[in-house]
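Report on the structure given below.
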Amino acid sequence: MNPAIELALKQAVTQLTNAGSASPQLDAAVLLCHVLEKPRSYLLTWPEKELTDAQSAAFSALLARRESGEPVAYITGEREFWSLPLKVAPHTLIPRPDTERLVEAALEKIPAAASVLDLGTGTGAIALSLASERPDCQFTGIDLRPEAAALAEENRRALQLQNVRILCGSWFSPLSETERFDVIVSNPPYIDANDPHLVRGDVRFEPRTALVAEDAGLADIRHICAQSRTFLSPGGWLLLEHGYQQGEAVRGIFYNLGYQQVITVQDYAGQDRVSLGCWSV
Ligand code: GLN
């Protein structure tokens, strides 16, 4: 006999706790909902409902993957960001709540009818959430990896956002040299290759190209800061996500390259997370 929903969840929580998951309740609920193809409220409404053989087997298979450390978002193939359902895959970073801070900060800087660039768009999370808020503006998302660009385009189409174009290439390379943007945003790789954080939890399964940068994690930030001076309209803004210990270093990079009004804003945990500067020639 198969367990009912309530018991299946309880057993799953024990299994995932023993495997060292930091969020066993949430993981178990999300995976079971994925198997049942139901919203979370269903679990509370039907605790006595018995799983079918197929559901029970499918749930066990997903739990085994989670037990081995695979991120829930890769198992279900989706993650919500800025209240938008996004498809995710192992060749993109899993969108994080902290990156919503970058979206908020960018929304304050985007003028009417603006042109906005998102570098290293991955799932498209930043470009698509901004586009959903600002139908008056045009957005460009660029990613190095063809699989990521294809996924961002798939997310764009599913969300029916007509004001976004997704391009594939390294940083600014797919753009024509005459293009200008009012705002440039990026959540680039910024982790140092020796950071112990890389061998723990979900990040172990994420693409290194999306996480790690040379030069104590600052190489890509430096490159984007320098190149953005060519592609920003006068008075345009550059906003970059970075590590919680990189605020001072990143502000220094902005200043040395001639940006003005440089500030750092904190994430929801109160840590430095996003720095921005104005390019006014
Ligand atoms: N914020 C992510 C982490 O620390 C990394 C994201 C990134 O490198 N852009 O896990």
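Chain lettering (A, B, ...) mirrors the order of the structure tokens, residue numbering begins at 1 for each chain separately, and ligand numbering begins at 1 in order of display.
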Open item on the list: Quick one: residues within 8 Å of region 122-134 of chain A, only C-alpha atoms, excluding same-chain residues fewer than 4 positions away - as an MDAnalysis selection string?
Closed with: chainID A and resid 81:82 84 86:88 92:95 99:100 103 107 117:118 138:141 143 148:149 151:153 155:156 161 163:164
- [ ] Just the residues within 8 Å of region 53-56 of chain A, please, counting only C-alpha atoms, with nothing from its chain fewer than 6 positions along; format it as a ChimeraX atom specification.
- [x] /A:2-3,35-36
Open item on the list: For ligand 1, return the neighbouring residues as number ranges by chain (distance at most 9 Å; only C-alpha atoms and all ligand atoms).
Closed with: A: 93-96, 98-99, 186-191, 197-198, 202-203, 208-213, 217, 241-244, 273
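In terms of minimum interatomic distance to Ile184 (chain A), A:Leu276 ranks closest within A:Gln260, A:Leu167, A:Pro135, A:Leu276, counting only C-alpha atoms.
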Open item on the list: Under the rule that only C-alpha atoms are counted, which of A:Arg145, A:Gly247, A:Ala193, A:Asp182 is the nearest residue to Ser170 (chain A)?
Closed with: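 Using only C-alpha atoms, the shortest distance to Ser170 (chain A) belongs to A:Arg145.
Closest approach to Pro97 (chain A) among A:Thr178, A:Gln245, A:Ser60, A:Ser83 is made by A:Ser83 (distances from only C-alpha atoms).
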TODO: Give the strand (DSSP E) residues of region 102-199 of chain A, as DSSP finds them on the backbone, and put them as a ChimeraX atom specification.
DONE: /A:115-119,138-143,164-168,181-186
